Amino acid sequence: MQIHSEIIQKLTEIVGISYLFIDQETRNYYGHDETENYIFPPSVVVKPANAGEISAILKIANEYKIPTTPIGARTGLSGGALCIYEGIGLSMERLNKIIDIDEQNLQVVVEPAVITQVVREAVAEKGLFYPVDPSSQGSCWIGGNVAENSGGARAVKYGVTKDYVLNLEVVLPNGEIIWTGANTLKNTTGYNLTQLMVGSEGTLGVITKVVLKLLPKNTHNILMLVPFYNAGQACEAVSAIFRAGVVPSALEFMERDAIDWTLKYNNTISINVDDTVQAHLLIEVDGNYPEILMQEAEKIMSVVEQFEIDEVLFADTEDQKNALWKMRRSVAEAVKANSIYKEEDTVVPRYVLPELLKGIKKIGIKYGFKSVCYGHAGDGNLHVNIIKGEMTDKNWEIEVPKGIREIFELTVSLKGTISGEHGIGYVQKNFMDIAFSKVHLELMERIKYVFDPNNILNPGKIFPDN
């Protein structure tokens, strides 16, 4: 859409001429994230410094009904930060401070553009622990984590972003600035607006401050890599470990291709994999008492030895542990470097993971595509990378969406849902009818209307087109 010069002038008066951009190069740069090859440049990019400036911007956008999309680190995989109706691209990058680490109450107050790993390292220096660790933690921002309710490897034991958000400062679409809750561990005072904002993908308000709960830092962990000759058995072992009474701090699944492509992509990692191995589980236990961790590791070994496995690798040093985690966290980049792909984010009760994996492979055969699967198996969260490879452009555009719909239908039939941590955004919105009834969707749309009656804030996301 065309934004008139007088509105550009008003925006410039708010942020200053150094923080407003209308050139094509900048607009293109802020017009994409990590979602496939989509690019939707905004009409103008603005970089506010605080909630007050964002409030003034949104008042103008609301008055003139200009689509406005909050833009974070652009590491998302569902197109949540894409400016699909152009308008104002609201880059949050200048709100990048850790405001306070409260060691007495085990809390941290941060602005949305602080990198997740920076938060984790800053609190770790004070003997504290922020567990949420998406694979992109070295580049993604806390604000985006809140908007997407991000998870990560250690969600299996410690939970996801929503479990650590206590309070939020939010600018509403009309420019009003509110705090959604209180900095307390308990709060049953009215509707929970804080949790309503978490996972809302920037459609209800713009998050400008985040209060996060912290934990004491654990001192020890044991990490093991378990090779399976059968990928289905690797999935079966996941539920068996929990039924044996062990709750790992991480339990990750990687198919053979995920390992192979990652080792080729990153030649600094060296792991020998037998030709007959189909999948791996990366399993971590953590705590403060080494003898208890050894007992848990032994119990895990007693479980996985019931399956057809190769020799288990125990990481003896920090360097080995870092190498294994680097391998796991590099999988998405390795897949992307190997082929054009689409990544889906299925999640089911962990006991039915084998059925989900089997069904995905069957659907791939039906529609002529290959898939590479990996993910947070301890949560039942399986990332499905659909590989274009040698597929024709026509089949990629016509047949693959049919296959994705069947994968999501299978997932929901197994009591799961169509996104575990990547969000719905732009690319999954037209599959929402699989997960929700018309009544569900109408309720969500009414909530959106209450917050944003002019539909200016991140429009075209979450809700189906029809």
# chains A, B, ... in the order shown; residues from 1 in each chain; ligands from 1
>>> residues_around(residues="Glu355 (chain A)", least_positions_apart="6", cutoff="12 Å", atoms="only C-alpha atoms", output="MDAnalysis selection string")
chainID A and resid 231:236 348:349 361:362 380 382 407 410:411 413:416
>>> write_last_selection(atoms="C-alpha atoms", output="PDB file, in the first residue's frame")
ATOM      1  CA  ALA A 231      13.720 -45.167  13.443  1.00  0.00           C
ATOM      2  CA  GLY A 232      10.349 -46.404  14.683  1.00  0.00           C
ATOM      3  CA  GLN A 233      12.038 -48.076  17.645  1.00  0.00           C
ATOM      4  CA  ALA A 234      13.795 -44.802  18.474  1.00  0.00           C
ATOM      5  CA  CYS A 235      10.367 -43.184  18.731  1.00  0.00           C
ATOM      6  CA  GLU A 236       9.069 -46.088  20.848  1.00  0.00           C
ATOM      7  CA  VAL A 348       1.438 -35.417  19.391  1.00  0.00           C
ATOM      8  CA  PRO A 349       1.309 -37.307  22.695  1.00  0.00           C
ATOM      9  CA  LYS A 361       6.579 -41.546   5.457  1.00  0.00           C
ATOM     10  CA  LYS A 362       3.504 -43.190   3.949  1.00  0.00           C
ATOM     11  CA  GLY A 380       6.144 -35.413  21.081  1.00  0.00           C
ATOM     12  CA  LEU A 382       8.410 -33.663  15.445  1.00  0.00           C
ATOM     13  CA  ILE A 407       0.034 -34.924   7.687  1.00  0.00           C
ATOM     14  CA  LEU A 410      -3.071 -37.483  10.840  1.00  0.00           C
ATOM     15  CA  THR A 411      -1.504 -35.402  13.620  1.00  0.00           C
ATOM     16  CA  SER A 413      -6.361 -37.670  14.634  1.00  0.00           C
ATOM     17  CA  LEU A 414      -3.585 -38.776  17.024  1.00  0.00           C
ATOM     18  CA  LYS A 415      -4.772 -36.125  19.547  1.00  0.00           C
ATOM     19  CA  GLY A 416      -2.016 -33.739  18.496  1.00  0.00           C
TER      20      GLY A 416
END
>>> residues_around(residues="Ile271 (chain A)", least_positions_apart="5", cutoff="10 Å", atoms="only C-alpha atoms", output="ChimeraX atom specification")
/A:259-260,263,313,323-324,327
>>> atom_distance(atom1="CA of Met254 (chain A)", atom2="CA of Val384 (chain A)")
10.8 Å
>>> closest_residue(among="A:Ala122, A:Val246, A:Ala279, A:Ile207", to="Asp310 (chain A)", atoms="only C-alpha atoms")
A:Ala279
>>> residues_around(residues="region 157-165 of chain A", least_positions_apart="5", cutoff="8 Å", atoms="only C-alpha atoms", output="PyMOL selection string")
chain A and resi 131-132+145-146+149-152+194-195+198+210-214+247-250
>>> write_last_selection(atoms="C-alpha atoms", output="PDB file, in the first residue's frame")
ATOM      1  CA  PRO A 131      15.768 -22.867  30.500  1.00  0.00           C
ATOM      2  CA  VAL A 132      14.069 -21.929  27.213  1.00  0.00           C
ATOM      3  CA  ASN A 145       9.972 -16.207  21.736  1.00  0.00           C
ATOM      4  CA  VAL A 146       7.044 -14.729  23.652  1.00  0.00           C
ATOM      5  CA  ASN A 149       5.566 -19.311  22.684  1.00  0.00           C
ATOM      6  CA  SER A 150       8.894 -20.859  21.725  1.00  0.00           C
ATOM      7  CA  GLY A 151      10.143 -24.097  23.196  1.00  0.00           C
ATOM      8  CA  GLY A 152      13.444 -25.811  22.613  1.00  0.00           C
ATOM      9  CA  THR A 194      -0.352 -12.187  30.101  1.00  0.00           C
ATOM     10  CA  GLN A 195      -0.890 -15.704  28.820  1.00  0.00           C
ATOM     11  CA  VAL A 198       2.023 -15.252  24.833  1.00  0.00           C
ATOM     12  CA  VAL A 210       9.066  -8.924  29.516  1.00  0.00           C
ATOM     13  CA  VAL A 211       9.342 -10.147  33.108  1.00  0.00           C
ATOM     14  CA  LEU A 212      10.657 -13.712  33.194  1.00  0.00           C
ATOM     15  CA  LYS A 213      10.864 -16.216  36.022  1.00  0.00           C
ATOM     16  CA  LEU A 214      14.272 -17.819  36.595  1.00  0.00           C
ATOM     17  CA  VAL A 247      12.357 -37.228  33.107  1.00  0.00           C
ATOM     18  CA  PRO A 248      15.316 -36.165  30.950  1.00  0.00           C
ATOM     19  CA  SER A 249      16.218 -32.506  30.668  1.00  0.00           C
ATOM     20  CA  ALA A 250      16.374 -33.039  26.889  1.00  0.00           C
TER      21      ALA A 250
END
>>> select_by_dssp(residues="region 84-145 of chain A", states="strand (DSSP E or B)", output="number ranges by chain")
A: 88-91, 98-102, 107-110, 115, 128-129, 141
>>> write_last_selection(atoms="C-alpha atoms", output="short mmCIF file (atom, residue, chain, number, x, y, z; two decimals), in the first residue's frame")
data_model
loop_
_atom_site.label_atom_id
_atom_site.label_comp_id
_atom_site.auth_asym_id
_atom_site.auth_seq_id
_atom_site.Cartn_x
_atom_site.Cartn_y
_atom_site.Cartn_z
CA ILE A 88 4.52 -0.17 8.46
CA GLY A 89 7.31 -2.57 9.35
CA LEU A 90 7.85 -1.97 13.08
CA SER A 91 11.39 -3.11 13.78
CA ILE A 98 18.43 -6.31 29.96
CA ILE A 99 16.81 -3.92 32.44
CA ASP A 100 17.21 -5.81 35.69
CA ILE A 101 18.28 -9.21 37.02
CA ASP A 102 16.53 -9.65 40.36
CA GLN A 107 13.40 -12.76 37.90
CA VAL A 108 14.76 -10.84 34.95
CA VAL A 109 13.22 -7.86 33.15
CA VAL A 110 14.21 -7.53 29.49
CA ILE A 115 18.96 -12.26 22.12
CA LEU A 128 20.58 -18.56 37.72
CA PHE A 129 18.97 -20.48 34.87
CA TRP A 141 14.98 -12.54 20.44
#
>>> residues_around(residues="Gly245 (chain A)", least_positions_apart="5", cutoff="9 Å", atoms="only C-alpha atoms", output="list of chain:residue names")
A:Ala240, A:Glu296, A:Lys299
>>> closest_residue(among="A:Gln278, A:Asn466, A:Asn192, A:Asn458", to="Asn430 (chain A)", atoms="only C-alpha atoms")
A:Asn466
>>> select_by_dssp(residues="region 176-275 of chain A", states="alpha helix (DSSP H)", output="ChimeraX atom specification")
/A:193-197,231-243,256-265
>>> residues_around(residues="Ser139 (chain A)", least_positions_apart="5", cutoff="9 Å", atoms="only C-alpha atoms", output="list in words")
Ala73, Thr75, Ile115, Thr116 and Gln117 of chain A
>>> write_last_selection(atoms="C-alpha atoms", output="PDB file, in the first residue's frame")
ATOM      1  CA  ALA A  73      15.030 -11.041  14.658  1.00  0.00           C
ATOM      2  CA  THR A  75      14.309 -16.159  12.607  1.00  0.00           C
ATOM      3  CA  ILE A 115      18.955 -12.258  22.120  1.00  0.00           C
ATOM      4  CA  THR A 116      17.770 -15.341  24.001  1.00  0.00           C
ATOM      5  CA  GLN A 117      21.265 -16.735  24.507  1.00  0.00           C
TER       6      GLN A 117
END
